[in-house]
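Undergrad: I am sharing upload_22.pdb, which consists of PDB, C-alpha atoms, pLDDT in the B column:
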ATOM      1  CA  GLY A   1      -9.758  11.212  -4.013  1.00 66.00           C
ATOM      2  CA  ALA A   2     -11.263   7.774  -4.356  1.00 82.00           C
ATOM      3  CA  VAL A   3     -12.225   6.062  -1.101  1.00 89.00           C
ATOM      4  CA  VAL A   4     -11.738   2.429  -0.199  1.00 93.00           C
ATOM      5  CA  SER A   5     -13.149   0.965   2.997  1.00 94.00           C
ATOM      6  CA  GLN A   6     -12.417  -2.260   4.826  1.00 95.00           C
ATOM      7  CA  HIS A   7     -14.471  -4.093   7.376  1.00 96.00           C
ATOM      8  CA  PRO A   8     -13.805  -5.008  10.063  1.00 96.00           C
ATOM      9  CA  SER A   9     -10.928  -2.745  11.099  1.00 94.00           C
ATOM     10  CA  TRP A  10      -9.794  -5.328  13.604  1.00 94.00           C
ATOM     11  CA  VAL A  11     -10.820  -8.848  14.527  1.00 96.00           C
ATOM     12  CA  ILE A  12      -9.797 -11.376  17.148  1.00 97.00           C
ATOM     13  CA  CYS A  13     -10.700 -14.990  16.557  1.00 96.00           C
ATOM     14  CA  LYS A  14      -9.960 -18.442  17.874  1.00 96.00           C
ATOM     15  CA  SER A  15      -7.631 -20.803  16.079  1.00 97.00           C
ATOM     16  CA  GLY A  16      -9.499 -22.948  13.568  1.00 96.00           C
ATOM     17  CA  THR A  17     -12.241 -20.473  12.778  1.00 97.00           C
ATOM     18  CA  SER A  18     -12.707 -18.565   9.514  1.00 97.00           C
ATOM     19  CA  VAL A  19     -12.654 -14.813   9.172  1.00 97.00           C
ATOM     20  CA  LYS A  20     -14.024 -12.719   6.307  1.00 97.00           C
ATOM     21  CA  ILE A  21     -12.657  -9.296   5.480  1.00 97.00           C
ATOM     22  CA  GLU A  22     -14.515  -6.979   3.104  1.00 97.00           C
ATOM     23  CA  CYS A  23     -12.998  -4.376   0.833  1.00 96.00           C
ATOM     24  CA  ARG A  24     -15.266  -1.829  -0.815  1.00 95.00           C
ATOM     25  CA  SER A  25     -14.648   0.970  -3.269  1.00 92.00           C
ATOM     26  CA  LEU A  26     -17.140   3.581  -2.126  1.00 92.00           C
ATOM     27  CA  ASP A  27     -17.254   6.118  -4.922  1.00 87.00           C
ATOM     28  CA  PHE A  28     -15.818   4.374  -7.961  1.00 86.00           C
ATOM     29  CA  GLN A  29     -15.888   1.079  -9.791  1.00 87.00           C
ATOM     30  CA  ALA A  30     -12.722  -0.932  -9.375  1.00 87.00           C
ATOM     31  CA  THR A  31     -11.572  -3.178 -12.210  1.00 85.00           C
ATOM     32  CA  THR A  32      -8.978  -4.767 -10.003  1.00 89.00           C
ATOM     33  CA  MET A  33      -8.519  -5.179  -6.282  1.00 92.00           C
ATOM     34  CA  PHE A  34      -5.340  -6.241  -4.539  1.00 93.00           C
ATOM     35  CA  TRP A  35      -4.874  -7.960  -1.199  1.00 96.00           C
ATOM     36  CA  TYR A  36      -1.716  -7.392   0.849  1.00 95.00           C
ATOM     37  CA  ARG A  37      -0.480  -8.518   4.212  1.00 95.00           C
ATOM     38  CA  GLN A  38       2.015  -6.711   6.347  1.00 92.00           C
ATOM     39  CA  PHE A  39       3.988  -8.049   9.286  1.00 90.00           C
ATOM     40  CA  PRO A  40       5.376  -5.653  11.914  1.00 86.00           C
ATOM     41  CA  LYS A  41       8.257  -3.487  10.690  1.00 82.00           C
ATOM     42  CA  GLN A  42       7.980  -4.959   7.195  1.00 87.00           C
ATOM     43  CA  SER A  43       6.722  -3.675   3.893  1.00 87.00           C
ATOM     44  CA  LEU A  44       3.506  -4.758   2.213  1.00 90.00           C
ATOM     45  CA  MET A  45       3.501  -8.171   0.592  1.00 91.00           C
ATOM     46  CA  LEU A  46       1.101  -8.797  -2.270  1.00 92.00           C
ATOM     47  CA  MET A  47      -1.027 -11.876  -1.671  1.00 95.00           C
ATOM     48  CA  ALA A  48      -3.315 -11.864  -4.683  1.00 94.00           C
ATOM     49  CA  THR A  49      -4.800  -9.816  -7.474  1.00 91.00           C
ATOM     50  CA  SER A  50      -8.533  -9.965  -7.948  1.00 89.00           C
ATOM     51  CA  ASN A  51     -10.458  -9.011 -11.075  1.00 85.00           C
ATOM     52  CA  GLU A  52     -14.226  -8.665 -10.995  1.00 82.00           C
ATOM     53  CA  GLY A  53     -15.984 -11.786 -12.167  1.00 80.00           C
ATOM     54  CA  SER A  54     -12.896 -13.954 -12.503  1.00 83.00           C
ATOM     55  CA  LYS A  55     -10.664 -16.051 -10.282  1.00 86.00           C
ATOM     56  CA  ALA A  56      -7.998 -14.323  -8.265  1.00 91.00           C
ATOM     57  CA  THR A  57      -4.338 -14.635  -9.194  1.00 91.00           C
ATOM     58  CA  TYR A  58      -2.300 -15.660  -6.169  1.00 94.00           C
ATOM     59  CA  GLU A  59       1.338 -14.879  -5.547  1.00 92.00           C
ATOM     60  CA  GLN A  60       3.819 -17.690  -5.123  1.00 92.00           C
ATOM     61  CA  GLY A  61       3.662 -19.157  -1.649  1.00 93.00           C
ATOM     62  CA  VAL A  62       0.135 -17.955  -0.890  1.00 94.00           C
ATOM     63  CA  GLU A  63      -2.315 -20.826  -0.391  1.00 94.00           C
ATOM     64  CA  LYS A  64      -5.437 -20.185  -2.436  1.00 92.00           C
ATOM     65  CA  ASP A  65      -7.474 -22.700  -0.426  1.00 94.00           C
ATOM     66  CA  LYS A  66      -6.573 -20.926   2.796  1.00 96.00           C
ATOM     67  CA  PHE A  67      -7.049 -17.360   1.603  1.00 97.00           C
ATOM     68  CA  LEU A  68     -10.271 -17.364  -0.385  1.00 96.00           C
ATOM     69  CA  ILE A  69     -10.878 -14.286  -2.479  1.00 94.00           C
ATOM     70  CA  ASN A  70     -14.180 -13.365  -4.039  1.00 91.00           C
ATOM     71  CA  HIS A  71     -14.670 -10.334  -6.269  1.00 88.00           C
ATOM     72  CA  ALA A  72     -18.354 -10.508  -7.091  1.00 82.00           C
ATOM     73  CA  SER A  73     -18.910  -6.902  -8.095  1.00 89.00           C
ATOM     74  CA  LEU A  74     -16.979  -3.840  -9.200  1.00 89.00           C
ATOM     75  CA  THR A  75     -17.206  -2.396  -5.702  1.00 92.00           C
ATOM     76  CA  LEU A  76     -16.670  -5.356  -3.400  1.00 93.00           C
ATOM     77  CA  SER A  77     -13.963  -7.945  -2.845  1.00 94.00           C
ATOM     78  CA  THR A  78     -13.747 -10.282   0.128  1.00 95.00           C
ATOM     79  CA  LEU A  79     -10.842 -12.174   1.644  1.00 97.00           C
ATOM     80  CA  THR A  80     -11.695 -15.164   3.821  1.00 97.00           C
ATOM     81  CA  VAL A  81      -8.965 -16.608   6.003  1.00 97.00           C
ATOM     82  CA  THR A  82     -10.029 -20.199   6.519  1.00 96.00           C
ATOM     83  CA  SER A  83      -9.056 -22.322   9.512  1.00 96.00           C
ATOM     84  CA  ALA A  84      -7.067 -19.452  10.920  1.00 96.00           C
ATOM     85  CA  HIS A  85      -3.888 -20.122  12.876  1.00 96.00           C
ATOM     86  CA  PRO A  86      -1.848 -17.780  15.088  1.00 96.00           C
ATOM     87  CA  GLU A  87       0.729 -17.382  12.312  1.00 95.00           C
ATOM     88  CA  ASP A  88      -2.016 -15.812  10.172  1.00 96.00           C
ATOM     89  CA  SER A  89      -2.125 -12.906  12.601  1.00 96.00           C
ATOM     90  CA  SER A  90      -1.182  -9.901  10.529  1.00 95.00           C
ATOM     91  CA  PHE A  91      -2.345  -6.623   9.071  1.00 95.00           C
ATOM     92  CA  TYR A  92      -4.344  -7.178   5.879  1.00 96.00           C
ATOM     93  CA  ILE A  93      -4.716  -4.292   3.445  1.00 95.00           C
ATOM     94  CA  CYS A  94      -6.668  -4.074   0.218  1.00 95.00           C
ATOM     95  CA  SER A  95      -6.333  -1.623  -2.610  1.00 93.00           C
ATOM     96  CA  ALA A  96      -8.468  -0.912  -5.625  1.00 91.00           C
ATOM     97  CA  SER A  97      -7.533   0.220  -9.095  1.00 87.00           C
ATOM     98  CA  LEU A  98      -9.781   2.417 -11.194  1.00 79.00           C
ATOM     99  CA  ALA A  99     -10.826   1.051 -14.541  1.00 62.00           C
ATOM    100  CA  GLU A 100      -8.306   1.979 -17.257  1.00 51.00           C
ATOM    101  CA  HIS A 101      -6.147   3.719 -14.652  1.00 57.00           C
ATOM    102  CA  ASN A 102      -3.103   2.573 -12.786  1.00 69.00           C
ATOM    103  CA  GLU A 103      -3.465   4.442  -9.517  1.00 80.00           C
ATOM    104  CA  GLN A 104      -4.258   2.229  -6.546  1.00 86.00           C
ATOM    105  CA  PHE A 105      -6.297   3.479  -3.627  1.00 89.00           C
ATOM    106  CA  PHE A 106      -5.722   1.760  -0.330  1.00 91.00           C
ATOM    107  CA  GLY A 107      -8.120   0.692   2.364  1.00 92.00           C
ATOM    108  CA  PRO A 108      -7.425   1.408   6.038  1.00 91.00           C
ATOM    109  CA  GLY A 109      -6.459  -2.189   6.752  1.00 93.00           C
ATOM    110  CA  THR A 110      -7.735  -4.964   9.007  1.00 95.00           C
ATOM    111  CA  ARG A 111      -5.713  -6.182  11.948  1.00 95.00           C
ATOM    112  CA  LEU A 112      -6.298  -9.907  12.481  1.00 96.00           C
ATOM    113  CA  THR A 113      -5.278 -11.594  15.720  1.00 96.00           C
ATOM    114  CA  VAL A 114      -5.701 -15.345  15.958  1.00 96.00           C
ATOM    115  CA  LEU A 115      -5.570 -16.752  19.473  1.00 96.00           C
TER     116      LEU A 115
ATOM    117  CA  LYS B   1      19.545  -5.804  -4.423  1.00 61.00           C
ATOM    118  CA  ASN B   2      15.964  -4.566  -4.130  1.00 73.00           C
ATOM    119  CA  GLU B   3      14.365  -3.171  -7.252  1.00 85.00           C
ATOM    120  CA  VAL B   4      13.223  -0.173  -5.194  1.00 92.00           C
ATOM    121  CA  GLU B   5      15.500   1.405  -2.627  1.00 94.00           C
ATOM    122  CA  GLN B   6      14.672   4.224  -0.271  1.00 96.00           C
ATOM    123  CA  SER B   7      16.897   6.447   1.791  1.00 96.00           C
ATOM    124  CA  PRO B   8      17.167   7.175   4.566  1.00 97.00           C
ATOM    125  CA  GLN B   9      15.565   4.273   6.419  1.00 95.00           C
ATOM    126  CA  ASN B  10      14.997   6.460   9.471  1.00 96.00           C
ATOM    127  CA  LEU B  11      14.828  10.220   9.702  1.00 97.00           C
ATOM    128  CA  THR B  12      14.357  12.427  12.740  1.00 97.00           C
ATOM    129  CA  ALA B  13      13.715  16.127  12.286  1.00 97.00           C
ATOM    130  CA  GLN B  14      12.708  19.163  14.282  1.00 97.00           C
ATOM    131  CA  GLU B  15       9.408  20.822  13.595  1.00 97.00           C
ATOM    132  CA  GLY B  16       9.711  23.287  10.756  1.00 97.00           C
ATOM    133  CA  GLU B  17      12.586  21.576   8.987  1.00 97.00           C
ATOM    134  CA  PHE B  18      12.582  20.794   5.275  1.00 98.00           C
ATOM    135  CA  ILE B  19      12.618  17.055   4.700  1.00 98.00           C
ATOM    136  CA  THR B  20      13.671  14.989   1.705  1.00 98.00           C
ATOM    137  CA  ILE B  21      13.142  11.273   1.226  1.00 98.00           C
ATOM    138  CA  ASN B  22      14.701   9.584  -1.776  1.00 98.00           C
ATOM    139  CA  CYS B  23      13.689   6.611  -3.907  1.00 97.00           C
ATOM    140  CA  SER B  24      15.762   4.895  -6.560  1.00 96.00           C
ATOM    141  CA  TYR B  25      14.648   2.051  -8.783  1.00 93.00           C
ATOM    142  CA  SER B  26      16.514  -0.202 -11.132  1.00 88.00           C
ATOM    143  CA  VAL B  27      13.992  -1.117 -13.828  1.00 81.00           C
ATOM    144  CA  GLY B  28      11.725   0.643 -16.270  1.00 80.00           C
ATOM    145  CA  ILE B  29       8.493   1.808 -14.720  1.00 83.00           C
ATOM    146  CA  SER B  30       5.217   3.269 -15.878  1.00 80.00           C
ATOM    147  CA  ALA B  31       4.477   5.199 -12.688  1.00 88.00           C
ATOM    148  CA  LEU B  32       5.609   5.726  -9.121  1.00 93.00           C
ATOM    149  CA  HIS B  33       3.545   6.102  -5.955  1.00 93.00           C
ATOM    150  CA  TRP B  34       4.404   7.838  -2.724  1.00 96.00           C
ATOM    151  CA  LEU B  35       2.404   6.396   0.162  1.00 95.00           C
ATOM    152  CA  GLN B  36       2.061   7.413   3.793  1.00 95.00           C
ATOM    153  CA  GLN B  37       1.406   4.899   6.559  1.00 94.00           C
ATOM    154  CA  HIS B  38       0.536   6.139  10.038  1.00 89.00           C
ATOM    155  CA  PRO B  39       1.162   4.129  13.216  1.00 84.00           C
ATOM    156  CA  GLY B  40      -2.410   2.808  13.136  1.00 80.00           C
ATOM    157  CA  GLY B  41      -1.578   1.126   9.842  1.00 81.00           C
ATOM    158  CA  GLY B  42      -3.826   2.829   7.311  1.00 86.00           C
ATOM    159  CA  ILE B  43      -2.181   3.786   4.045  1.00 89.00           C
ATOM    160  CA  VAL B  44      -2.813   7.010   2.173  1.00 89.00           C
ATOM    161  CA  SER B  45      -1.740   7.507  -1.415  1.00 88.00           C
ATOM    162  CA  LEU B  46       0.037  10.875  -1.529  1.00 93.00           C
ATOM    163  CA  PHE B  47       1.076  11.041  -5.161  1.00 92.00           C
ATOM    164  CA  MET B  48       1.236   9.033  -8.324  1.00 90.00           C
ATOM    165  CA  LEU B  49       3.873  10.315 -10.763  1.00 91.00           C
ATOM    166  CA  SER B  50       5.006   9.348 -14.200  1.00 89.00           C
ATOM    167  CA  SER B  51       7.030  12.474 -14.940  1.00 91.00           C
ATOM    168  CA  GLY B  52       7.941  15.901 -13.610  1.00 94.00           C
ATOM    169  CA  LYS B  53       6.677  17.238 -10.336  1.00 96.00           C
ATOM    170  CA  LYS B  54       3.507  17.349  -8.266  1.00 96.00           C
ATOM    171  CA  LYS B  55       2.627  19.499  -5.277  1.00 97.00           C
ATOM    172  CA  HIS B  56      -0.081  19.128  -2.676  1.00 95.00           C
ATOM    173  CA  GLY B  57      -0.020  21.471   0.271  1.00 96.00           C
ATOM    174  CA  ARG B  58       3.360  21.118   1.985  1.00 97.00           C
ATOM    175  CA  LEU B  59       4.252  18.002   0.026  1.00 97.00           C
ATOM    176  CA  ILE B  60       6.193  17.993  -3.225  1.00 98.00           C
ATOM    177  CA  ALA B  61       7.118  14.934  -5.265  1.00 98.00           C
ATOM    178  CA  THR B  62       9.520  14.868  -8.181  1.00 97.00           C
ATOM    179  CA  ILE B  63      10.628  12.145 -10.526  1.00 96.00           C
ATOM    180  CA  ASN B  64      13.505  11.884 -12.993  1.00 95.00           C
ATOM    181  CA  ILE B  65      12.778   9.031 -15.351  1.00 91.00           C
ATOM    182  CA  GLN B  66      16.235   9.072 -16.972  1.00 91.00           C
ATOM    183  CA  GLU B  67      18.000   8.825 -13.609  1.00 94.00           C
ATOM    184  CA  LYS B  68      15.393   6.395 -12.193  1.00 94.00           C
ATOM    185  CA  HIS B  69      14.994   8.529  -9.098  1.00 96.00           C
ATOM    186  CA  SER B  70      12.212  10.218  -7.196  1.00 97.00           C
ATOM    187  CA  SER B  71      12.148  12.479  -4.162  1.00 98.00           C
ATOM    188  CA  LEU B  72       9.443  13.383  -1.683  1.00 98.00           C
ATOM    189  CA  HIS B  73       9.852  16.727   0.029  1.00 98.00           C
ATOM    190  CA  ILE B  74       7.993  18.028   3.056  1.00 98.00           C
ATOM    191  CA  THR B  75       8.205  21.741   3.740  1.00 97.00           C
ATOM    192  CA  ALA B  76       7.680  23.205   7.218  1.00 97.00           C
ATOM    193  CA  SER B  77       7.472  19.757   8.760  1.00 97.00           C
ATOM    194  CA  HIS B  78       5.091  19.133  11.657  1.00 97.00           C
ATOM    195  CA  PRO B  79       4.843  16.352  14.252  1.00 96.00           C
ATOM    196  CA  ARG B  80       1.703  15.093  12.528  1.00 95.00           C
ATOM    197  CA  ASP B  81       3.874  14.300   9.499  1.00 96.00           C
ATOM    198  CA  SER B  82       5.464  11.523  11.557  1.00 96.00           C
ATOM    199  CA  ALA B  83       4.752   8.328   9.664  1.00 96.00           C
ATOM    200  CA  VAL B  84       6.319   5.746   7.392  1.00 96.00           C
ATOM    201  CA  TYR B  85       6.690   6.959   3.822  1.00 97.00           C
ATOM    202  CA  ILE B  86       6.744   4.274   1.167  1.00 96.00           C
ATOM    203  CA  CYS B  87       7.832   4.487  -2.442  1.00 96.00           C
ATOM    204  CA  ALA B  88       6.147   2.003  -4.775  1.00 93.00           C
ATOM    205  CA  VAL B  89       6.622   1.580  -8.499  1.00 91.00           C
ATOM    206  CA  LEU B  90       4.474   0.173 -11.268  1.00 85.00           C
ATOM    207  CA  LEU B  91       6.730  -1.894 -13.466  1.00 75.00           C
ATOM    208  CA  GLY B  92       6.612  -2.118 -17.221  1.00 63.00           C
ATOM    209  CA  ILE B  93       3.688  -1.446 -19.488  1.00 57.00           C
ATOM    210  CA  ARG B  94       0.958   0.913 -18.332  1.00 52.00           C
ATOM    211  CA  THR B  95      -2.054  -1.365 -17.918  1.00 52.00           C
ATOM    212  CA  SER B  96      -4.907  -1.306 -15.491  1.00 48.00           C
ATOM    213  CA  GLY B  97      -4.309  -3.238 -12.316  1.00 53.00           C
ATOM    214  CA  SER B  98      -0.522  -3.545 -12.618  1.00 66.00           C
ATOM    215  CA  ARG B  99       1.187  -4.755  -9.476  1.00 77.00           C
ATOM    216  CA  LEU B 100       3.246  -2.457  -7.295  1.00 86.00           C
ATOM    217  CA  THR B 101       6.780  -3.105  -6.093  1.00 87.00           C
ATOM    218  CA  PHE B 102       7.435  -1.477  -2.729  1.00 91.00           C
ATOM    219  CA  GLY B 103      10.437   0.103  -1.106  1.00 92.00           C
ATOM    220  CA  GLU B 104      11.247  -0.719   2.498  1.00 91.00           C
ATOM    221  CA  GLY B 105       9.847   2.572   3.738  1.00 94.00           C
ATOM    222  CA  THR B 106      11.308   5.561   5.557  1.00 96.00           C
ATOM    223  CA  GLN B 107      10.310   6.100   9.181  1.00 96.00           C
ATOM    224  CA  LEU B 108       9.989   9.850   9.725  1.00 97.00           C
ATOM    225  CA  THR B 109       9.761  11.318  13.200  1.00 97.00           C
ATOM    226  CA  VAL B 110       9.205  15.048  13.575  1.00 97.00           C
ATOM    227  CA  ASN B 111       9.797  16.355  17.070  1.00 97.00           C
ATOM    228  CA  PRO B 112       8.061  19.473  18.390  1.00 96.00           C
TER     229      PRO B 112
END
Would you give me this structure, written as structure tokens?

TA:
Amino acid sequence: GAVVSQHPSWVICKSGTSVKIECRSLDFQATTMFWYRQFPKQSLMLMATSNEGSKATYEQGVEKDKFLINHASLTLSTLTVTSAHPEDSSFYICSASLAEHNEQFFGPGTRLTVL
Amino acid sequence: KNEVEQSPQNLTAQEGEFITINCSYSVGISALHWLQQHPGGGIVSLFMLSSGKKKHGRLIATINIQEKHSSLHITASHPRDSAVYICAVLLGIRTSGSRLTFGEGTQLTVNP
């Protein structure tokens, strides 16, 4: 199956700093990438949908200036958590959708801890 | 009421048992995913279904579009099957990049 990677797999940072998370589709070109966050014991919550070459579409309640998404190529999307706070600590997961296909392939996730 | 409901929420089984996890949804969908999430957090897509039945190894997934219901079966369960199993549906028209709506997940524990 199609492979999606994320980097880093975990990160610890100080409050106020920015953290960038990369999501790559390794063996296919992804028309659309999705960013999710997941709190303990809860299901995935969609943060934004990212299409290559255009601005991301954010879900209600997600601050676009705080969670910057860049989708510069068909194989790479990045999520930057700016001025991170402890409440941003969470598990961030990306997925990628094949062109003209609905199936989403998920990355392994990035665990962010903000001290 | 959630658009996607799974049952049971928690399931404990003995190794070798046949396991069924159910998913019901209330709206029209174009496809349904079954996902597996291990304790480390990574998610694996097990199946994507729009009709009928799919089988991969010991896993079988079925969907009944008329009844808006899907089941995931695990035959000869093993402790390594212990994970959270998540049902997710693609709503509406089949277009690339459609958003998923997730069930709450079923925590499966298989004891040796």

Undergrad: Dump as a PyMOL selection string the residues of chain B that approach chain A to within 12 Å, counting only C-alpha atoms.

TA: chain B and resi 4+6+9+29-50+84-107

Undergrad: Give the answer as one residue: which of A:Pro86, A:Phe39, A:Gly61, A:Leu112 has the shortest atom-to-atom distance to Lys20 in chain A, using all atoms listed in the file?

TA: A:Leu112

Undergrad: Excluding Glu3 in chain B and any residue of its chain fewer than 2 positions from it, enumerate the residues within 7 Å of it, using all atoms listed in the file, and give them as a list in words.

TA: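 My reading of the contact set: Lys1, Glu5, Tyr25, Ser26 and Val27 of chain B.
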
Undergrad: Could you tell me how far CA of Glu22 in chain A lies from CA of Ser73 in chain A, in Å and to one decimal?

TA: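 If I compute the distance from CA of Glu22 in chain A to CA of Ser73 in chain A, I get 12.0 Å.
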
Undergrad: Determine the nearest neighbour of Leu72 in chain B from the options B:Leu11, B:Gly28, B:Ile21, B:Val110, counting all atoms listed in the file.

TA: B:Ile21

Undergrad: Fewer than 5 positions away in the same chain doesn't count, so skip those; otherwise give me all residues within 12 Å of Gly16 in chain A, counting only C-alpha atoms, as a ChimeraX atom specification.

TA: /A:66,81-88,114-115

Undergrad: For a test of reading the model, state the distance in Å between CA of Gly16 in chain B and CA of Ser70 in chain B, rounded to one decimal.

TA: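 So the answer is 22.3 Å.
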
Undergrad: From the set A:Leu79, A:Val19, A:Leu74, A:Cys13, which residue has the shortest atom-to-atom contact distance to Ser54 in chain A, counting all atoms listed in the file?

TA: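 Of A:Leu79, A:Val19, A:Leu74, A:Cys13, the one nearest Ser54 in chain A is A:Leu74, counting all atoms listed in the file.
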
Undergrad: Would you work out the distance separating CA of Asn10 in chain B from CA of Trp35 in chain A, expressed in Å to one decimal?

TA: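 Interatomic distance here is 26.8 Å.
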
Undergrad: Taking into account only C-alpha atoms, which residue in the set B:Ser7, B:Asn2, B:Thr109, B:Asn22 is nearest to Thr62 in chain B?

TA: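 Counting only C-alpha atoms, the residue closest to Thr62 in chain B is B:Asn22.
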